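Peer 1: mmCIF, C-alpha atoms and all ligand atoms, file my_file.cif:
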data_structure
loop_
_atom_site.label_atom_id
_atom_site.label_comp_id
_atom_site.auth_asym_id
_atom_site.auth_seq_id
_atom_site.Cartn_x
_atom_site.Cartn_y
_atom_site.Cartn_z
CA MET L 1 97.52 74.04 109.24
CA LYS L 2 94.88 76.60 108.44
CA ILE L 3 93.82 79.90 110.02
CA GLU L 4 90.09 80.29 110.49
CA LYS L 5 88.47 83.59 109.61
CA SER L 6 87.09 83.89 113.12
CA GLN L 7 90.62 83.72 114.57
CA ILE L 8 91.68 86.69 112.45
CA GLY L 9 88.47 88.50 113.36
CA ASP L 10 89.25 88.05 117.04
CA VAL L 11 92.79 89.36 116.66
CA ASN L 12 91.57 92.34 114.63
CA LYS L 13 89.20 93.45 117.39
CA ALA L 14 92.03 94.80 119.53
CA ALA L 15 93.27 97.10 116.75
CA ALA L 16 89.91 98.05 115.22
CA ILE L 17 89.30 101.42 116.87
CA VAL L 18 92.80 102.76 116.32
CA HIS L 19 92.60 101.61 112.70
CA LYS L 20 89.26 103.31 112.09
CA GLU L 21 90.55 106.63 113.41
CA GLY L 22 93.67 106.42 111.25
CA PHE L 23 91.77 105.37 108.14
CA ASP L 24 89.09 108.06 108.52
CA PHE L 25 91.72 110.76 108.92
CA LEU L 26 93.78 109.62 105.91
CA GLY L 27 90.65 109.03 103.84
CA HIS L 28 89.45 112.60 104.45
CA THR L 29 92.85 114.08 103.70
CA LEU L 30 93.22 112.16 100.44
CA THR L 31 89.65 112.86 99.34
CA ARG L 32 90.25 116.58 99.88
CA ASN L 33 93.22 116.26 97.52
CA ASN L 34 91.01 114.62 94.87
CA THR L 35 92.24 111.07 95.41
CA ASN L 36 89.65 108.36 94.82
CA VAL L 37 90.28 106.36 97.98
CA GLU L 38 87.90 103.55 97.05
CA ALA L 39 89.66 103.04 93.71
CA VAL L 40 93.03 102.79 95.47
CA ILE L 41 91.69 100.21 97.93
CA GLU L 42 90.23 98.16 95.11
CA LYS L 43 93.56 98.17 93.25
CA LEU L 44 95.41 97.11 96.40
CA GLN L 45 93.02 94.20 96.86
CA LYS L 46 93.56 93.04 93.29
CA PHE L 47 97.35 93.19 93.51
CA GLN L 48 98.39 89.60 94.20
CA VAL L 49 102.00 88.52 94.47
CA ALA L 50 103.18 84.94 93.96
CA ILE L 51 105.28 83.25 96.61
CA PRO L 52 108.00 80.95 95.27
CA SER L 53 108.13 77.53 96.84
CA TRP L 54 111.82 78.00 97.68
CA ALA L 55 111.23 81.04 99.88
CA LEU L 56 109.30 79.18 102.58
CA GLY L 57 112.28 77.64 104.30
CA ALA L 58 115.50 79.16 105.55
CA GLY L 59 117.78 80.16 102.69
CA GLY L 60 121.47 80.16 103.19
CA THR L 61 124.69 81.58 101.94
CA ARG L 62 127.72 79.81 100.53
CA PHE L 63 129.06 79.89 104.08
CA GLY L 64 126.27 77.97 105.66
CA ARG L 65 122.60 77.59 106.33
CA PHE L 66 120.83 77.98 109.62
CA GLY L 67 117.56 76.10 109.53
CA PHE L 68 114.21 77.21 110.81
CA TYR L 69 112.03 74.92 112.81
CA GLY L 70 108.82 73.66 111.25
CA GLU L 71 109.83 74.25 107.61
CA PRO L 72 107.58 72.77 104.93
CA SER L 73 109.12 69.53 103.66
CA SER L 74 106.54 68.60 101.02
CA LEU L 75 104.69 70.40 98.25
CA GLU L 76 101.49 70.11 100.30
CA GLN L 77 103.11 71.85 103.25
CA LYS L 78 104.55 74.57 101.02
CA ILE L 79 101.07 75.30 99.69
CA ASP L 80 99.77 75.34 103.26
CA ASP L 81 102.38 77.97 104.12
CA VAL L 82 101.36 80.17 101.20
CA GLY L 83 97.78 79.65 102.37
CA LEU L 84 98.74 81.00 105.81
CA LEU L 85 100.36 84.06 104.24
CA HIS L 86 97.33 84.65 102.06
CA ALA L 87 94.88 84.27 104.93
CA LEU L 88 96.71 86.97 106.90
CA THR L 89 97.66 89.40 104.13
CA LYS L 90 95.15 88.66 101.34
CA THR L 91 97.88 89.56 98.85
CA ALA L 92 99.69 86.24 98.38
CA GLY L 93 97.12 84.47 96.22
CA ALA L 94 99.55 82.45 94.10
CA VAL L 95 102.46 80.04 94.36
CA SER L 96 105.36 79.68 91.95
CA LEU L 97 106.77 76.16 91.74
CA HIS L 98 110.35 75.06 91.19
CA ILE L 99 110.90 71.90 89.21
CA PRO L 100 112.24 69.24 89.86
CA TRP L 101 111.49 69.73 93.58
CA ASP L 102 107.77 70.45 93.35
CA VAL L 103 106.49 67.75 91.01
CA PRO L 104 103.07 66.70 92.34
CA SER L 105 102.36 63.01 92.77
CA ASP L 106 98.60 63.63 92.69
CA TYR L 107 97.67 66.61 90.53
CA THR L 108 94.00 66.62 91.45
CA ALA L 109 94.73 66.59 95.18
CA ILE L 110 97.29 69.40 94.87
CA LYS L 111 94.90 71.53 92.84
CA GLU L 112 92.15 70.95 95.40
CA LEU L 113 94.47 71.87 98.25
CA ALA L 114 95.55 75.08 96.51
CA SER L 115 92.00 76.05 95.73
CA SER L 116 90.96 75.45 99.36
CA HIS L 117 93.50 78.17 100.24
CA GLU L 118 92.37 80.34 97.27
CA ILE L 119 95.85 79.94 95.78
CA LEU L 120 96.57 79.93 92.02
CA PHE L 121 99.60 78.42 90.28
CA ASP L 122 101.73 81.19 88.85
CA ALA L 123 104.81 80.84 86.62
CA VAL L 124 106.67 77.54 86.85
CA ASN L 125 110.45 77.72 87.17
CA SER L 126 112.86 75.34 85.50
CA ASN L 127 116.23 74.56 87.01
CA THR L 128 119.31 73.91 84.93
CA PHE L 129 121.83 75.47 87.26
CA GLN L 130 122.70 72.29 89.07
CA ASP L 131 122.88 68.61 88.19
CA GLN L 132 120.12 66.34 89.40
CA LYS L 133 120.49 62.68 90.34
CA GLY L 134 120.05 60.30 87.46
CA THR L 135 120.72 62.76 84.64
CA SER L 136 123.34 61.78 82.09
CA ASN L 137 124.67 65.21 81.11
CA SER L 138 126.18 67.92 83.29
CA TYR L 139 125.40 71.64 83.47
CA LYS L 140 128.78 72.44 84.97
CA PHE L 141 129.71 74.35 81.83
CA GLY L 142 126.28 75.61 80.92
CA SER L 143 122.81 74.38 80.02
CA LEU L 144 121.03 76.07 77.11
CA SER L 145 124.39 77.56 76.04
CA ASN L 146 126.51 74.45 76.57
CA GLN L 147 128.93 73.44 73.78
CA SER L 148 127.71 69.88 74.16
CA ASN L 149 124.67 69.04 72.06
CA ASP L 150 123.62 66.46 74.64
CA SER L 151 123.67 68.89 77.58
CA ARG L 152 121.67 71.43 75.59
CA ALA L 153 119.15 68.80 74.51
CA GLN L 154 118.73 67.68 78.13
CA ALA L 155 118.19 71.28 79.29
CA ILE L 156 115.67 71.93 76.52
CA GLN L 157 113.77 68.75 77.39
CA HIS L 158 113.73 69.70 81.09
CA ASN L 159 112.08 73.04 80.25
CA ILE L 160 109.50 71.27 78.09
CA ASP L 161 108.80 68.86 80.97
CA VAL L 162 108.30 71.86 83.26
CA ILE L 163 105.78 73.36 80.82
CA ASN L 164 103.84 70.09 80.82
CA ILE L 165 103.80 69.91 84.62
CA GLY L 166 102.69 73.53 84.90
CA ASN L 167 100.01 73.00 82.28
CA LYS L 168 98.42 70.26 84.34
CA LEU L 169 98.20 72.64 87.32
CA GLY L 170 96.80 75.62 85.46
CA SER L 171 100.01 77.67 85.24
CA LYS L 172 100.27 79.99 82.26
CA SER L 173 103.95 80.84 82.15
CA LEU L 174 107.47 79.46 82.28
CA THR L 175 110.35 81.38 83.82
CA VAL L 176 113.80 80.61 82.48
CA TRP L 177 116.77 81.78 84.50
CA LEU L 178 120.17 80.57 83.39
CA ALA L 179 123.32 80.37 85.45
CA ASP L 180 125.23 79.94 82.17
CA GLY L 181 128.36 81.98 81.66
CA ALA L 182 132.06 81.92 82.33
CA CYS L 183 134.24 82.42 85.37
CA PHE L 184 137.34 83.36 83.40
CA PRO L 185 138.20 85.27 80.22
CA GLY L 186 138.72 82.93 77.33
CA GLN L 187 136.69 80.15 78.94
CA SER L 188 133.89 80.42 76.41
CA ASN L 189 133.14 82.08 73.12
CA PHE L 190 130.56 84.84 73.75
CA GLN L 191 128.96 84.57 70.32
CA THR L 192 128.69 80.79 70.30
CA ALA L 193 127.22 80.75 73.81
CA LEU L 194 124.64 83.40 72.92
CA GLN L 195 123.72 81.70 69.65
CA HIS L 196 123.24 78.35 71.37
CA THR L 197 121.08 80.02 74.02
CA GLN L 198 118.92 81.69 71.41
CA ASP L 199 118.47 78.46 69.45
CA SER L 200 117.65 76.51 72.63
CA LEU L 201 115.10 79.09 73.81
CA LYS L 202 113.42 78.90 70.40
CA GLU L 203 113.11 75.12 70.76
CA ILE L 204 111.42 75.57 74.15
CA TYR L 205 109.24 78.37 72.83
CA LYS L 206 107.89 76.03 70.12
CA GLU L 207 106.40 73.85 72.87
CA LEU L 208 104.60 76.69 74.71
CA PRO L 209 100.83 76.27 74.74
CA GLU L 210 98.93 78.99 72.88
CA ASP L 211 97.90 80.89 76.02
CA TRP L 212 101.29 80.66 77.74
CA LYS L 213 104.13 83.14 78.14
CA MET L 214 107.85 82.57 78.50
CA PHE L 215 109.81 84.88 80.79
CA ILE L 216 113.54 85.31 80.24
CA GLU L 217 115.40 86.45 83.34
CA TYR L 218 118.80 88.17 83.20
CA LYS L 219 121.61 88.63 85.69
CA PRO L 220 125.01 90.32 85.33
CA TYR L 221 127.09 87.89 87.40
CA GLU L 222 126.95 84.96 89.82
CA PRO L 223 127.38 82.02 89.91
CA ASN L 224 129.64 82.83 86.99
CA PHE L 225 131.85 85.75 87.90
CA TYR L 226 133.37 86.89 84.61
CA SER L 227 130.33 86.81 82.33
CA THR L 228 126.81 85.51 82.11
CA VAL L 229 125.21 84.68 78.79
CA ILE L 230 122.03 86.70 79.49
CA GLN L 231 123.72 89.50 81.36
CA ASP L 232 121.25 92.36 81.07
CA TRP L 233 117.75 93.46 80.04
CA GLY L 234 118.93 94.27 76.53
CA THR L 235 120.11 90.71 75.94
CA SER L 236 116.90 89.31 77.40
CA PHE L 237 114.82 91.72 75.30
CA MET L 238 116.68 90.70 72.15
CA LEU L 239 116.16 87.00 72.90
CA ALA L 240 112.47 87.55 73.67
CA ASN L 241 112.05 89.34 70.34
CA GLU L 242 113.85 86.50 68.51
CA CYS L 243 111.50 83.94 70.12
CA GLY L 244 108.22 85.72 69.43
CA ASP L 245 105.14 87.43 70.86
CA LYS L 246 104.76 85.09 73.81
CA ALA L 247 108.31 85.69 75.10
CA PHE L 248 109.05 88.51 77.53
CA THR L 249 111.77 89.94 79.72
CA LEU L 250 111.66 89.32 83.45
CA VAL L 251 113.10 91.94 85.79
CA ASP L 252 114.51 90.74 89.11
CA LEU L 253 115.38 93.72 91.29
CA GLY L 254 118.57 92.09 92.58
CA HIS L 255 119.89 91.27 89.12
CA HIS L 256 121.46 94.63 88.34
CA LEU L 257 124.83 96.19 88.92
CA PRO L 258 124.85 98.74 91.77
CA ASN L 259 122.97 102.00 91.08
CA SER L 260 121.34 100.80 87.85
CA ASN L 261 118.28 102.87 87.02
CA ILE L 262 115.79 100.02 87.24
CA GLU L 263 112.75 102.29 86.93
CA GLN L 264 114.00 103.41 83.53
CA ILE L 265 114.46 99.79 82.44
CA VAL L 266 110.86 99.12 83.52
CA ALA L 267 109.60 102.10 81.52
CA THR L 268 111.50 101.07 78.40
CA LEU L 269 110.28 97.48 78.51
CA MET L 270 106.66 98.47 79.10
CA LEU L 271 106.74 100.96 76.24
CA LYS L 272 107.86 98.07 74.03
CA GLY L 273 105.27 95.69 75.51
CA LYS L 274 107.91 93.28 76.75
CA LEU L 275 107.85 93.39 80.55
CA GLY L 276 106.45 89.96 81.39
CA GLY L 277 107.48 89.20 84.94
CA PHE L 278 108.81 90.91 88.00
CA HIS L 279 110.76 89.54 90.95
CA PHE L 280 110.81 91.60 94.16
CA ASN L 281 113.63 91.69 96.70
CA ASP L 282 116.11 94.25 98.00
CA SER L 283 119.86 94.55 98.10
CA LYS L 284 122.73 96.67 99.25
CA TYR L 285 125.60 95.38 97.13
CA GLY L 286 124.64 92.52 94.84
CA ASP L 287 121.93 89.90 94.52
CA ASP L 288 121.41 89.93 98.27
CA ASP L 289 117.79 88.71 98.16
CA LEU L 290 116.85 90.74 101.23
CA THR L 291 113.35 91.67 102.37
CA VAL L 292 111.60 93.94 99.87
CA GLY L 293 111.83 97.60 100.89
CA SER L 294 114.31 96.96 103.70
CA ILE L 295 117.20 98.87 102.09
CA LYS L 296 115.96 101.14 99.30
CA PRO L 297 112.24 101.86 99.75
CA TYR L 298 112.38 105.10 97.71
CA ALA L 299 113.88 103.25 94.74
CA LEU L 300 111.05 100.73 95.02
CA PHE L 301 108.53 103.58 94.99
CA LEU L 302 110.09 105.07 91.84
CA ILE L 303 109.92 101.65 90.18
CA PHE L 304 106.25 101.37 91.13
CA ASN L 305 105.66 104.82 89.70
CA GLU L 306 106.78 103.46 86.30
CA LEU L 307 104.81 100.23 86.75
CA VAL L 308 101.64 102.17 87.55
CA TYR L 309 102.23 104.49 84.60
CA GLY L 310 102.82 101.49 82.33
CA MET L 311 99.75 99.61 83.53
CA ASP L 312 97.64 102.73 82.83
CA ASN L 313 99.23 103.79 79.54
CA ASN L 314 100.71 100.74 77.84
CA PRO L 315 97.97 98.38 76.64
CA GLN L 316 100.68 96.77 74.48
CA ASN L 317 102.21 95.35 77.66
CA PRO L 318 100.40 92.41 79.30
CA TYR L 319 99.68 92.55 83.02
CA PRO L 320 103.00 91.48 84.60
CA ALA L 321 103.44 88.38 86.77
CA TRP L 322 104.54 89.48 90.25
CA MET L 323 106.67 87.33 92.51
CA ILE L 324 108.82 87.72 95.60
CA ASP L 325 112.28 86.27 95.01
CA ALA L 326 114.02 86.62 98.34
CA SER L 327 116.01 84.41 100.66
CA HIS L 328 115.69 84.30 104.41
CA ASN L 329 118.84 83.67 106.37
CA VAL L 330 118.12 85.13 109.79
CA LYS L 331 114.37 85.77 109.95
CA ASP L 332 111.39 83.45 110.14
CA PRO L 333 110.67 83.03 106.40
CA LEU L 334 106.95 83.61 106.83
CA GLU L 335 107.42 86.81 108.83
CA ASP L 336 109.98 87.97 106.28
CA LEU L 337 107.52 87.33 103.44
CA ILE L 338 104.79 89.23 105.29
CA GLN L 339 107.17 92.20 105.58
CA SER L 340 107.94 91.97 101.86
CA LEU L 341 104.26 91.82 100.92
CA GLU L 342 103.60 94.87 103.07
CA ALA L 343 106.49 96.80 101.48
CA ILE L 344 105.25 95.96 97.98
CA GLN L 345 101.72 97.10 98.77
CA GLU L 346 103.02 100.23 100.43
CA ALA L 347 105.14 101.23 97.42
CA TYR L 348 102.23 100.45 95.10
CA ALA L 349 99.77 102.50 97.18
CA LYS L 350 102.14 105.47 97.27
CA ALA L 351 102.65 105.28 93.51
CA LEU L 352 98.86 105.27 93.07
CA LEU L 353 98.72 108.56 95.01
CA ILE L 354 100.96 110.37 92.53
CA ASP L 355 98.96 113.09 90.80
CA GLN L 356 99.82 112.06 87.23
CA LYS L 357 97.95 114.96 85.63
CA ALA L 358 99.73 117.54 87.76
CA LEU L 359 103.05 115.78 87.12
CA LYS L 360 102.53 115.96 83.37
CA ILE L 361 101.78 119.68 83.55
CA ALA L 362 104.79 120.32 85.77
CA GLN L 363 106.98 118.39 83.32
CA GLN L 364 105.63 120.42 80.38
CA GLU L 365 106.30 123.63 82.26
CA HIS L 366 109.81 122.44 83.15
CA ASP L 367 108.98 123.01 86.80
CA VAL L 368 111.56 120.62 88.17
CA VAL L 369 110.88 121.56 91.79
CA LYS L 370 107.15 120.87 91.38
CA CYS L 371 107.88 117.50 89.75
CA GLN L 372 109.91 116.44 92.77
CA GLU L 373 107.29 117.82 95.17
CA ILE L 374 104.57 115.76 93.48
CA LEU L 375 106.55 112.53 93.74
CA GLN L 376 107.69 113.13 97.28
CA ASN L 377 104.29 114.25 98.54
CA ALA L 378 103.02 110.83 97.54
CA TYR L 379 106.05 109.06 98.96
CA ARG L 380 105.83 110.83 102.31
CA THR L 381 102.20 109.85 102.85
CA ASP L 382 101.77 107.09 105.43
CA VAL L 383 99.52 104.80 103.38
CA ARG L 384 99.40 101.94 105.86
CA PRO L 385 95.79 102.68 106.92
CA LEU L 386 94.79 102.04 103.26
CA LEU L 387 96.57 98.68 103.31
CA ARG L 388 94.88 97.74 106.58
CA GLU L 389 91.47 98.75 105.28
CA ALA L 390 92.02 96.78 102.04
CA ARG L 391 92.85 93.67 104.06
CA LEU L 392 90.14 94.17 106.67
CA ARG L 393 87.36 94.29 104.08
CA VAL L 394 88.28 90.86 102.70
CA GLY L 395 88.90 89.14 106.02
CA GLY L 396 92.66 89.66 106.33
CA ALA L 397 94.56 90.76 109.40
CA LEU L 398 94.89 94.44 110.30
CA GLU L 399 98.42 93.75 111.52
CA PRO L 400 99.61 90.51 109.86
CA ILE L 401 102.91 90.15 111.77
CA GLN L 402 101.19 90.72 115.11
CA ALA L 403 98.43 88.27 114.15
CA TYR L 404 101.03 85.68 113.06
CA ARG L 405 102.69 85.98 116.44
CA SER L 406 99.62 86.09 118.61
CA LEU L 407 98.08 83.11 116.81
CA LYS L 408 101.39 81.31 117.44
CA ILE L 409 101.61 80.08 113.85
CA ARG L 410 105.26 79.03 113.95
CA GLU L 411 104.70 77.13 117.18
CA GLY L 412 101.78 75.33 115.54
CA LEU L 413 103.88 74.44 112.49
CA ILE L 414 106.65 73.03 114.68
CA LYS L 415 104.10 70.94 116.54
CA GLU L 416 102.68 69.64 113.25
CA ARG L 417 105.93 69.09 111.34
CA GLY L 418 108.56 68.63 114.00
CA LYS L 419 111.61 70.70 114.73
CA ASN L 420 113.91 69.27 112.12
CA SER L 421 111.82 69.40 108.98
CA ILE L 422 113.81 70.89 106.11
CA ALA L 423 112.43 72.62 103.04
CA THR L 424 113.58 71.34 99.68
CA GLY L 425 114.40 73.18 96.49
CA LEU L 426 116.47 76.01 97.89
MN MN L 501 114.56 85.90 90.22
#
Can you give me the file's structure in the form of structure tokens?

Peer 2:
Amino acid sequence: MKIEKSQIGDVNKAAAIVHKEGFDFLGHTLTRNNTNVEAVIEKLQKFQVAIPSWALGAGGTRFGRFGFYGEPSSLEQKIDDVGLLHALTKTAGAVSLHIPWDVPSDYTAIKELASSHEILFDAVNSNTFQDQKGTSNSYKFGSLSNQSNDSRAQAIQHNIDVINIGNKLGSKSLTVWLADGACFPGQSNFQTALQHTQDSLKEIYKELPEDWKMFIEYKPYEPNFYSTVIQDWGTSFMLANECGDKAFTLVDLGHHLPNSNIEQIVATLMLKGKLGGFHFNDSKYGDDDLTVGSIKPYALFLIFNELVYGMDNNPQNPYPAWMIDASHNVKDPLEDLIQSLEAIQEAYAKALLIDQKALKIAQQEHDVVKCQEILQNAYRTDVRPLLREARLRVGGALEPIQAYRSLKIREGLIKERGKNSIATGL
């Protein structure tokens, strides 16, 4: 299923006048305050976020999963779904695949399909947190950290296979997230597990093509509840340094203990040139994988403030790979992703409005009140007209959720795929 440009144009007509009034008003206000509105719009248009293949169907919890009708059940359909998101929002120009579920049978056809949707292949994700059919060694007690040489060798080989698959599609990075750890004290030796992990990552790193990056994700707990081998950014940073210049830390917003100062972690990593990838989601208590910006939008804004600062001031840090890593239990996954994309763009736009020069002066003058005023003036600005304008100029929808509903996209997908199609790789 594909959305034609003319369909979006028709839907936009109804909202065009109201949008123009709102955009003109905001544009004048920002220009008066010395904001380069055109530069902000251009940055918003360039900011593309990858959609992971596992986010397109209903997620689930350990208590159950409630399916959504018309889910994509093949790699082709998953790419079609990302294409729909991109057509509406113009900010989802990449897909992130999960192996073994998304191995193409025809690479040329898959690449052609993606390019017809203007979709690139972002980081490829390996999976060693569950056993697959036909494998001879188990990951029940770890993968890259496992005590068993055979399990480690199998996990290393899987990651190398994933690199080779990604390479054929034009991906440039591998994301490694490990579920390795222990559920009980005494279950494993911390030092041995960490050493094995480091040695295994180095083996994988050796196989990275010259222009590739490896992202090492961390998480404090779950599925192991006493300890995880790569528990925090410091451990990931240390491992990335041990591997080499092409290895980086990946920050997933949900992978922190409550109230962690994630914006400070971002700043530290960018200063050291080691923030490689970024996974967006939101949470109240743990790794809840909720819609971006649905719980803590101000925290997201403060994180974007550091990302914007880093992108402007840290040439030692490569441009990060952005991805949404959320799970959809009660919402239509595509509507949920549209909401996340909007929240990301909104936080980014607000961070771009921060008067960095004035902030620096206020900091030097120890004017704490002024510092807060500068941040919150930006945060309190309703930037949505900028987002709409950025989309409108490249053929996207003024109001993506409304367009999705009025074009009856889900109904069309159900018609095409049937009610009981189930997405794989969740
Ligand atoms: Mn993640």

Peer 1: Neighbours of ligand MN 501 (chain L) within 8 Å, counting all atoms listed in the file, as a PyMOL selection string?

Peer 2: chain L and resi 177+217+251-255+278-280+325

Peer 1: Within 8 Å of Arg417 of chain L, counting only C-alpha atoms, which residues show up once you throw out same-chain ones fewer than 5 positions away? Write them as JSON, numbers by chain, please.

Peer 2: {"L": [70, 71, 72]}

Peer 1: Using only C-alpha atoms, which residues sit within 10 Å of Met214 of chain L once same-chain residues fewer than 4 positions away are excluded, as a ChimeraX atom specification?

Peer 2: /L:123-124,163,172-176,201,204-205,208,240,243-250,276-277

Peer 1: What would the list of residues within 7 Å of (123.2, 92.5, 81.6) (file frame) look like as a list in words, if only C-alpha atoms are what count?

Peer 2: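 Checking each residue against the 7 Å limit leaves Tyr218, Lys219, Pro220, Ile230, Gln231, Asp232, Trp233, Gly234 and Thr235 of chain L.
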
Peer 1: Please provide as a PyMOL selection string all residues within 12 Å of segment 9-11 of chain L, with the sequence filter that same-chain residues fewer than 4 positions apart are discarded (counting all atoms listed in the file).

Peer 2: chain L and resi 3-5+15-16+87-88+391-408

Peer 1: Grab the atom CA of Leu257 of chain L to atom CA of Tyr226 of chain L distance for me, in Å with one decimal place.

Peer 2: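 Separation between atom CA of Leu257 of chain L and atom CA of Tyr226 of chain L: 13.3 Å.
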